[in-house]
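Student: What follows is run-v5.cif; its format and atoms are mmCIF, C-alpha atoms.
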```
data_coords
loop_
_atom_site.label_atom_id
_atom_site.label_comp_id
_atom_site.auth_asym_id
_atom_site.auth_seq_id
_atom_site.Cartn_x
_atom_site.Cartn_y
_atom_site.Cartn_z
CA MET A 1 72.04 74.98 -95.06
CA THR A 2 70.70 74.57 -91.54
CA LYS A 3 69.73 77.71 -89.68
CA ILE A 4 69.82 77.92 -85.90
CA SER A 5 69.07 81.61 -85.54
CA LYS A 6 65.66 81.12 -83.94
CA LEU A 7 66.34 79.79 -80.47
CA SER A 8 63.87 79.14 -77.69
CA ALA A 9 63.06 81.33 -74.72
CA ARG A 10 65.45 82.15 -71.88
CA PRO A 11 68.60 82.82 -73.93
CA LEU A 12 71.93 82.75 -72.11
CA MET A 13 72.86 86.16 -73.56
CA ASP A 14 70.44 87.19 -76.31
CA PRO A 15 69.10 85.25 -79.33
CA TRP A 16 71.64 86.68 -81.80
CA ARG A 17 74.70 86.04 -79.62
CA ASP A 18 73.42 82.61 -78.57
CA ALA A 19 72.99 81.57 -82.19
CA PHE A 20 76.40 83.00 -83.14
CA VAL A 21 78.18 81.12 -80.33
CA LEU A 22 76.26 77.90 -80.97
CA ARG A 23 77.13 77.91 -84.68
CA LEU A 24 80.82 78.47 -83.92
CA ARG A 25 80.69 75.59 -81.43
CA LEU A 26 79.11 73.35 -84.06
CA LEU A 27 81.94 74.35 -86.40
CA ASP A 28 84.44 73.02 -83.79
CA THR A 29 85.86 76.43 -82.92
CA ARG A 30 87.96 76.76 -79.77
CA GLY A 31 86.39 78.52 -76.81
CA ALA A 32 89.07 81.22 -76.63
CA VAL A 33 88.53 82.07 -80.30
CA ILE A 34 84.76 82.25 -79.79
CA GLY A 35 85.28 84.59 -76.84
CA ASP A 36 87.48 86.85 -78.94
CA ALA A 37 84.98 86.93 -81.82
CA LEU A 38 82.15 87.69 -79.41
CA ALA A 39 84.21 90.49 -77.81
CA GLN A 40 84.75 92.05 -81.26
CA VAL A 41 81.00 92.00 -81.88
CA ASP A 42 80.32 93.61 -78.49
CA SER A 43 83.01 96.27 -79.01
CA HIS A 44 81.64 97.21 -82.42
CA CYS A 45 78.08 97.44 -81.13
CA ALA A 46 79.20 99.53 -78.14
CA GLU A 47 81.08 101.98 -80.38
CA THR A 48 78.42 102.34 -83.07
CA GLY A 49 75.24 101.76 -81.07
CA GLU A 50 74.10 99.21 -83.66
CA LYS A 51 72.37 95.96 -82.87
CA PRO A 52 74.32 92.79 -83.81
CA ASP A 53 71.80 91.75 -86.45
CA ALA A 54 71.99 95.18 -88.10
CA ALA A 55 75.79 95.28 -87.99
CA PHE A 56 76.64 91.68 -88.88
CA GLY A 57 73.48 90.20 -90.36
CA ASP A 58 72.35 86.65 -89.78
CA PRO A 59 74.34 85.06 -86.90
CA ASP A 60 74.68 81.70 -88.66
CA GLU A 61 76.06 83.27 -91.80
CA TYR A 62 78.42 85.55 -89.90
CA ALA A 63 79.67 82.66 -87.77
CA ARG A 64 80.42 80.65 -90.90
CA THR A 65 82.33 83.63 -92.33
CA VAL A 66 84.36 84.00 -89.12
CA ALA A 67 85.09 80.27 -88.96
CA ALA A 68 86.15 80.13 -92.62
CA ALA A 69 88.85 82.75 -91.97
CA LEU A 70 90.32 80.95 -88.96
CA PRO A 71 93.52 78.87 -89.07
CA ALA A 72 93.43 75.15 -88.33
CA THR A 73 94.83 75.77 -84.83
CA ALA A 74 91.62 77.61 -83.93
CA ARG A 75 89.61 74.41 -84.26
CA VAL A 76 89.20 71.48 -81.93
CA VAL A 77 89.05 67.88 -83.08
CA PRO A 78 85.64 66.47 -82.09
CA PRO A 79 85.63 63.01 -80.50
CA SER A 80 84.76 60.15 -82.81
CA PRO A 81 81.55 58.15 -82.24
CA TRP A 82 83.74 55.19 -81.24
CA ASN A 83 85.45 57.23 -78.51
CA THR A 84 82.10 58.50 -77.29
CA ALA A 85 80.68 54.97 -77.26
CA ALA A 86 83.72 53.64 -75.37
CA LEU A 87 83.43 56.40 -72.77
CA ALA A 88 79.69 55.83 -72.34
CA ALA A 89 80.08 52.03 -72.16
CA GLY A 90 82.92 52.17 -69.65
CA THR A 91 81.10 54.68 -67.48
CA MET A 92 77.70 52.96 -67.49
CA LEU A 93 79.07 49.44 -67.09
CA GLY A 94 81.32 50.66 -64.30
CA VAL A 95 78.42 52.34 -62.50
CA LEU A 96 76.29 49.21 -62.97
CA GLY A 97 79.04 47.01 -61.56
CA VAL A 98 79.64 49.28 -58.57
CA LEU A 99 75.92 49.52 -57.72
CA SER A 100 75.29 45.78 -58.16
CA GLY A 101 78.39 44.86 -56.19
CA THR A 102 77.51 47.27 -53.40
CA ALA A 103 73.96 45.90 -53.16
CA ALA A 104 75.29 42.34 -53.04
CA LEU A 105 77.78 43.13 -50.28
CA ALA A 106 75.13 45.02 -48.32
CA ASP A 107 72.77 42.04 -48.06
CA GLY A 108 75.38 39.26 -48.20
CA SER A 109 74.12 37.69 -51.43
CA PRO A 110 75.87 37.03 -54.76
CA GLY A 111 75.80 39.87 -57.23
CA THR A 112 73.82 39.46 -60.44
CA LEU A 113 73.34 41.31 -63.69
CA SER A 114 70.22 40.71 -65.76
CA TRP A 115 69.94 40.56 -69.52
CA GLY A 116 67.61 43.55 -69.30
CA SER A 117 70.27 45.62 -67.53
CA LEU A 118 72.87 44.77 -70.17
CA ALA A 119 70.42 45.47 -73.01
CA SER A 120 69.52 48.79 -71.38
CA LEU A 121 73.21 49.65 -71.14
CA ALA A 122 73.73 48.87 -74.83
CA CYS A 123 70.74 51.05 -75.74
CA MET A 124 72.04 53.99 -73.69
CA VAL A 125 75.52 53.64 -75.22
CA ALA A 126 73.96 53.79 -78.70
CA VAL A 127 72.04 56.96 -77.77
CA ALA A 128 75.16 58.57 -76.26
CA ALA A 129 77.27 57.71 -79.32
CA THR A 130 74.80 59.10 -81.86
CA LEU A 131 73.69 62.21 -79.94
CA PRO A 132 76.76 64.42 -80.67
CA ALA A 133 76.47 63.75 -84.42
CA ALA A 134 72.75 64.60 -84.31
CA LEU A 135 73.17 67.77 -82.26
CA GLU A 136 72.54 70.17 -85.13
CA GLN A 137 69.48 68.20 -86.26
CA LEU A 138 68.29 68.15 -82.64
CA ILE A 139 68.47 71.94 -82.52
CA GLU A 140 66.72 72.37 -85.86
CA ARG A 141 64.08 69.63 -85.43
CA ARG A 142 63.78 69.79 -81.70
CA TRP A 143 60.43 68.17 -81.00
CA PRO A 144 60.59 65.07 -83.28
CA LEU A 145 64.10 64.17 -82.17
CA THR A 146 63.37 64.98 -78.53
CA VAL A 147 60.41 62.60 -78.64
CA ALA A 148 62.57 59.91 -80.30
CA ILE A 149 65.36 60.27 -77.71
CA THR A 150 62.84 60.29 -74.85
CA ALA A 151 61.24 57.12 -76.22
CA ALA A 152 64.66 55.44 -76.51
CA LEU A 153 65.52 56.36 -72.92
CA ALA A 154 62.10 55.09 -71.76
CA VAL A 155 62.85 51.75 -73.42
CA CYS A 156 66.24 51.72 -71.67
CA ALA A 157 64.54 52.31 -68.33
CA ALA A 158 61.92 49.61 -68.92
CA LEU A 159 64.24 46.83 -70.13
CA PRO A 160 65.62 45.83 -66.68
CA ALA A 161 62.08 45.40 -65.35
CA LEU A 162 60.81 43.52 -68.41
CA TRP A 163 63.80 41.21 -68.95
CA ARG A 164 64.93 39.96 -65.56
CA HIS A 165 66.62 36.73 -66.64
CA GLU A 166 70.00 36.43 -65.02
CA ALA A 167 72.93 36.98 -67.38
CA LEU A 168 75.80 37.00 -64.90
CA ARG A 169 76.35 35.93 -61.30
CA ALA A 170 79.49 36.85 -59.38
CA PRO A 171 80.57 37.74 -55.83
CA GLY A 172 79.81 41.30 -54.84
CA THR A 173 83.50 42.06 -54.40
CA VAL A 174 84.18 41.00 -57.99
CA LEU A 175 81.42 43.18 -59.42
CA LEU A 176 82.41 46.12 -57.25
CA GLY A 177 86.09 45.72 -58.12
CA CYS A 178 85.47 45.37 -61.85
CA GLY A 179 83.12 48.37 -61.81
CA ALA A 180 85.66 50.48 -59.93
CA VAL A 181 88.44 49.49 -62.34
CA LEU A 182 86.25 50.40 -65.32
CA LEU A 183 85.41 53.81 -63.86
CA LEU A 184 89.03 54.55 -63.05
CA ALA A 185 90.29 53.33 -66.42
CA THR A 186 87.66 55.35 -68.27
CA TRP A 187 87.87 58.61 -66.37
CA LEU A 188 91.31 59.01 -64.84
CA PRO A 189 93.57 59.32 -67.95
CA PRO A 190 91.71 62.33 -69.45
CA LEU A 191 90.36 63.58 -66.11
CA ALA A 192 92.16 66.94 -66.18
CA GLY A 193 90.79 67.76 -69.63
CA ARG A 194 87.23 66.98 -68.62
CA LEU A 195 87.40 69.01 -65.45
CA ARG A 196 88.80 71.99 -67.41
CA PRO A 197 86.31 72.37 -70.28
CA ASP A 198 86.97 74.50 -73.33
CA ARG A 199 85.44 77.61 -71.82
CA ILE A 200 84.35 80.71 -73.72
CA VAL A 201 86.10 83.65 -72.05
CA ASP A 202 85.97 87.37 -72.84
CA PRO A 203 89.64 88.36 -73.47
CA ARG A 204 88.99 91.86 -72.10
CA SER A 205 87.73 90.83 -68.67
CA GLY A 206 88.72 87.17 -68.37
CA LEU A 207 85.09 86.36 -67.51
CA GLU A 208 82.60 84.11 -69.25
CA PRO A 209 79.95 86.05 -71.21
CA PHE A 210 77.32 83.71 -69.79
CA THR A 211 77.11 81.38 -66.83
CA VAL A 212 76.99 77.65 -67.46
CA PRO A 213 74.32 75.95 -65.28
CA PRO A 214 75.97 74.44 -62.17
CA TRP A 215 74.55 70.96 -62.81
CA ILE A 216 76.54 70.73 -66.05
CA ARG A 217 79.79 71.34 -64.17
CA TRP A 218 78.99 68.47 -61.79
CA VAL A 219 78.29 65.90 -64.51
CA GLY A 220 82.00 65.13 -64.79
CA TRP A 221 82.07 64.13 -61.12
CA LEU A 222 79.19 61.63 -61.40
CA PRO A 223 81.30 58.44 -61.78
CA ALA A 224 83.57 59.40 -58.88
CA THR A 225 80.51 60.27 -56.78
CA VAL A 226 78.99 56.84 -57.40
CA LEU A 227 82.24 55.11 -56.48
CA VAL A 228 82.79 57.12 -53.28
CA ALA A 229 79.15 56.67 -52.23
CA ALA A 230 79.45 52.90 -52.73
CA ILE A 231 82.60 52.72 -50.62
CA LEU A 232 81.01 54.79 -47.84
CA LEU A 233 77.88 52.68 -47.90
CA ILE A 234 79.89 49.46 -47.53
CA ALA A 235 81.94 50.96 -44.71
CA LEU A 236 78.89 52.18 -42.79
CA LEU A 237 76.60 49.17 -43.19
CA PRO A 238 76.88 46.31 -40.67
CA THR A 239 78.49 43.13 -41.96
CA PRO A 240 75.77 40.60 -42.97
CA HIS A 241 75.81 37.24 -41.19
#
```
Let's see the structure in the file written out as structure tokens.

Tutor:
Amino acid sequence: MTKISKLSARPLMDPWRDAFVLRLRLLDTRGAVIGDALAQVDSHCAETGEKPDAAFGDPDEYARTVAAALPATARVVPPSPWNTAALAAGTMLGVLGVLSGTAALADGSPGTLSWGSLASLACMVAVAATLPAALEQLIERRWPLTVAITAALAVCAALPALWRHEALRAPGTVLLGCGAVLLLATWLPPLAGRLRPDRIVDPRSGLEPFTVPPWIRWVGWLPATVLVAAILLIALLPTPH
């Protein structure tokens, strides 16, 4: 049984609570339920003066006990690897099409995609699809898997420079249009759900026990940012002759 009690420095709350919340997340527990369980721990510790580890023992074990007593409605259904791969492929191919189309329109030349760019995209999709399933192993065996993921991303970054043979040539408007359609088709239908994540909220105060880093909140806006930036760039640049 994998233990995640020993976390690294700079905990969001404290090591025990971080490990407790993380284990409940890995057990697909809803954010509201996690917030309630965390509030019960805090209330007990405030009343008795005990530390969480003294009152509830190992955070992994206690989280498993809490999760085992929950009804099915307290759990979320994790996305399948196929859904994750489709989201990653649509997003990355859309961004690639928008950037290539914008560059082509900016200098008045046909847009191209290289075999290296497409191979890099496939590699990144594979990493994105397998990462959620390997999250627990990543936490437990941090350095080996971090090195492996970093190496895979380095290969993804190097492929466009090493394999420049042209795979596709199309007008810039076509690449830009196809990229925009892919981004819209991938992100608009479930947009509301992504922009309202399953937050962990303390039921007593309505506040989050810890603050999520701001850059994580902006990740969901990345595709829209790329699309808007491309449109502005085309509008501001002079028309090539």

Student: Within 10 Å of segment 141-165 of chain A, which residues of segment 37-126 of chain A show up? Give each one with its shortest atom-to-atom distance in Å (one decimal) and the two atoms involved, counting all atoms listed in the file, rows by chain then rising residue number, as JSON lines.

Tutor:
```
{"residue": "A:Thr112", "atom": "CA", "partner": "A:His165", "partner_atom": "CA", "distance": 9.9}
{"residue": "A:Leu113", "atom": "CA", "partner": "A:His165", "partner_atom": "CA", "distance": 8.7}
{"residue": "A:Ser114", "atom": "CA", "partner": "A:Arg164", "partner_atom": "CA", "distance": 5.3}
{"residue": "A:Trp115", "atom": "CA", "partner": "A:His165", "partner_atom": "CA", "distance": 5.8}
{"residue": "A:Gly116", "atom": "CA", "partner": "A:Pro160", "partner_atom": "CA", "distance": 4.0}
{"residue": "A:Ser117", "atom": "CA", "partner": "A:Pro160", "partner_atom": "CA", "distance": 4.7}
{"residue": "A:Leu118", "atom": "CA", "partner": "A:Pro160", "partner_atom": "CA", "distance": 8.1}
{"residue": "A:Ala119", "atom": "CA", "partner": "A:Leu159", "partner_atom": "CA", "distance": 7.0}
{"residue": "A:Ser120", "atom": "CA", "partner": "A:Cys156", "partner_atom": "CA", "distance": 4.4}
{"residue": "A:Leu121", "atom": "CA", "partner": "A:Cys156", "partner_atom": "CA", "distance": 7.3}
{"residue": "A:Ala122", "atom": "CA", "partner": "A:Cys156", "partner_atom": "CA", "distance": 8.6}
{"residue": "A:Cys123", "atom": "CA", "partner": "A:Cys156", "partner_atom": "CA", "distance": 6.1}
{"residue": "A:Met124", "atom": "CA", "partner": "A:Cys156", "partner_atom": "CA", "distance": 6.5}
{"residue": "A:Ala126", "atom": "CA", "partner": "A:Ala152", "partner_atom": "CA", "distance": 9.7}
```

Student: Can you tell me, as a list in words, what residues are no more than 12 Å from Leu38 of chain A when counting all atoms listed in the file, ignoring any on the same chain fewer than 6 positions away?

Tutor: Met13, Trp16, Arg17, Asp18, Ala19, Phe20, Val21, Leu22, Leu24, Gly31, Ala32, His44, Cys45, Pro52, Phe56, Pro59, Tyr62, Ala63, Val66, Ile200, Val201, Asp202, Pro203, Arg204, Glu208, Pro209 and Phe210 of chain A

Student: List the spatial neighbours of Pro171 of chain A as a compact mmCIF listing (two decimals) with C-alpha atoms, in the frame of the given file - criterion: any atom at most 12 Å away, all atoms listed in the file, same-chain residues fewer than 5 positions off excluded.

Tutor:
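Here's the written file selection.txt:
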```
# COMPACT_ATOMS: atom_id res chain seq x y z
CA GLY A 97 79.04 47.01 -61.56
CA VAL A 98 79.64 49.28 -58.57
CA SER A 100 75.29 45.78 -58.16
CA GLY A 101 78.39 44.86 -56.19
CA THR A 102 77.51 47.27 -53.40
CA ALA A 103 73.96 45.90 -53.16
CA ALA A 104 75.29 42.34 -53.04
CA LEU A 105 77.78 43.13 -50.28
CA ALA A 106 75.13 45.02 -48.32
CA ASP A 107 72.77 42.04 -48.06
CA GLY A 108 75.38 39.26 -48.20
CA SER A 109 74.12 37.69 -51.43
CA PRO A 110 75.87 37.03 -54.76
CA GLY A 111 75.80 39.87 -57.23
CA THR A 112 73.82 39.46 -60.44
CA LEU A 113 73.34 41.31 -63.69
CA LEU A 176 82.41 46.12 -57.25
CA GLY A 177 86.09 45.72 -58.12
CA CYS A 178 85.47 45.37 -61.85
```

Student: Using the chain letters and residue numbers of this document, give as JSON, numbers by chain the residues selected by the PyMOL selection byres ((chain A and resi 78) around 12).

Tutor: {"A": [25, 26, 27, 28, 29, 30, 75, 76, 77, 79, 80, 81, 82, 83, 84, 132, 133, 198]}

Student: Which residue, A:Ala86, A:Ala54, A:Val33, A:Val174, has the smallest gap to Thr73 of chain A when you use all atoms listed in the file?

Tutor: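 Looking at the shortest contact to Thr73 of chain A, the residue is A:Val33.
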
Student: Please determine, counting all atoms listed in the file, which residue among A:Thr65, A:Thr91, A:Thr48, A:Gln40 has the shortest atom-to-atom distance to Gly179 of chain A.

Tutor: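 Closest residue, counting all atoms listed in the file: A:Thr91.
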
Student: For Ala89 of chain A, which of A:Leu207, A:Leu175, A:Val125, A:Ala170 is the closest residue, counting only C-alpha atoms?

Tutor: A:Val125

Student: Atom CA of Glu61 of chain A to atom CA of Thr130 of chain A: how many Å, to one decimal?

Tutor: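 For atom CA of Glu61 of chain A relative to atom CA of Thr130 of chain A, the distance reads 26.2 Å.
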
Student: Would you mind reading off the distance between atom CA of Leu168 of chain A and atom CA of Val181 of chain A, one decimal, in Å?

Tutor: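 Between these atoms lies a distance of 18.0 Å.
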
Student: List as a list in words the protein and nucleic acid residues near Thr186 of chain A, meaning an atom at most 8 Å away when all atoms listed in the file are counted, but skip any in the same chain fewer than 4 places from it.

Tutor: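 Once the nearby chain positions are removed, what remains is Leu87, Gly90, Thr91 and Leu182 of chain A.
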
Student: May I ask for the distance between atom CA of Pro15 of chain A and atom CA of Ala129 of chain A, given in Å to one decimal place?

Tutor: 28.7 Å

Student: Got a minute to add N, CA and C atoms to segment 18-46 of chain A and dump it as a short mmCIF file (atom, residue, chain, number, x, y, z; two decimals), in the frame of the given file?

Tutor:
```cif
data_model
loop_
_atom_site.label_atom_id
_atom_site.label_comp_id
_atom_site.auth_asym_id
_atom_site.auth_seq_id
_atom_site.Cartn_x
_atom_site.Cartn_y
_atom_site.Cartn_z
N ASP A 18 73.54 84.04 -78.82
CA ASP A 18 73.42 82.61 -78.57
C ASP A 18 73.59 81.82 -79.86
N ALA A 19 72.91 82.28 -80.92
CA ALA A 19 72.99 81.57 -82.19
C ALA A 19 74.40 81.66 -82.79
N PHE A 20 75.04 82.80 -82.64
CA PHE A 20 76.40 83.00 -83.14
C PHE A 20 77.38 82.05 -82.44
N VAL A 21 77.30 82.00 -81.10
CA VAL A 21 78.18 81.12 -80.33
C VAL A 21 77.90 79.65 -80.64
N LEU A 22 76.63 79.30 -80.73
CA LEU A 22 76.26 77.90 -80.97
C LEU A 22 76.77 77.43 -82.33
N ARG A 23 76.64 78.30 -83.35
CA ARG A 23 77.13 77.91 -84.68
C ARG A 23 78.64 77.73 -84.67
N LEU A 24 79.37 78.62 -84.00
CA LEU A 24 80.82 78.47 -83.92
C LEU A 24 81.20 77.19 -83.17
N ARG A 25 80.44 76.84 -82.15
CA ARG A 25 80.69 75.59 -81.43
C ARG A 25 80.47 74.39 -82.36
N LEU A 26 79.39 74.44 -83.13
CA LEU A 26 79.11 73.35 -84.06
C LEU A 26 80.16 73.25 -85.17
N LEU A 27 80.85 74.36 -85.42
CA LEU A 27 81.94 74.35 -86.40
C LEU A 27 83.28 74.03 -85.74
N ASP A 28 83.24 73.50 -84.51
CA ASP A 28 84.44 73.02 -83.79
C ASP A 28 85.46 74.12 -83.55
N THR A 29 84.98 75.31 -83.21
CA THR A 29 85.86 76.43 -82.92
C THR A 29 86.23 76.44 -81.44
N ARG A 30 87.50 76.74 -81.16
CA ARG A 30 87.96 76.76 -79.77
C ARG A 30 87.25 77.86 -78.96
N GLY A 31 87.09 77.58 -77.66
CA GLY A 31 86.39 78.52 -76.81
C GLY A 31 87.03 79.89 -76.75
N ALA A 32 88.37 79.94 -76.69
CA ALA A 32 89.07 81.22 -76.63
C ALA A 32 88.82 82.05 -77.89
N VAL A 33 88.77 81.38 -79.03
CA VAL A 33 88.53 82.07 -80.30
C VAL A 33 87.10 82.60 -80.35
N ILE A 34 86.15 81.80 -79.84
CA ILE A 34 84.76 82.25 -79.79
C ILE A 34 84.64 83.48 -78.88
N GLY A 35 85.31 83.44 -77.74
CA GLY A 35 85.28 84.59 -76.84
C GLY A 35 85.82 85.84 -77.48
N ASP A 36 86.90 85.69 -78.26
CA ASP A 36 87.48 86.85 -78.94
C ASP A 36 86.53 87.39 -80.01
N ALA A 37 85.91 86.50 -80.78
CA ALA A 37 84.98 86.93 -81.82
C ALA A 37 83.76 87.62 -81.20
N LEU A 38 83.29 87.09 -80.09
CA LEU A 38 82.15 87.69 -79.41
C LEU A 38 82.52 89.06 -78.84
N ALA A 39 83.75 89.20 -78.34
CA ALA A 39 84.21 90.49 -77.81
C ALA A 39 84.28 91.54 -78.94
N GLN A 40 84.70 91.11 -80.13
CA GLN A 40 84.75 92.05 -81.26
C GLN A 40 83.35 92.53 -81.63
N VAL A 41 82.39 91.62 -81.60
CA VAL A 41 81.00 92.00 -81.88
C VAL A 41 80.52 93.01 -80.84
N ASP A 42 80.77 92.71 -79.57
CA ASP A 42 80.32 93.61 -78.49
C ASP A 42 80.98 94.98 -78.60
N SER A 43 82.30 94.99 -78.90
CA SER A 43 83.01 96.27 -79.01
C SER A 43 82.45 97.12 -80.14
N HIS A 44 82.19 96.48 -81.28
CA HIS A 44 81.64 97.21 -82.42
C HIS A 44 80.27 97.78 -82.08
N CYS A 45 79.43 96.97 -81.46
CA CYS A 45 78.08 97.44 -81.13
C CYS A 45 78.12 98.55 -80.08
N ALA A 46 79.08 98.48 -79.15
CA ALA A 46 79.20 99.53 -78.14
C ALA A 46 79.66 100.84 -78.76
#
```
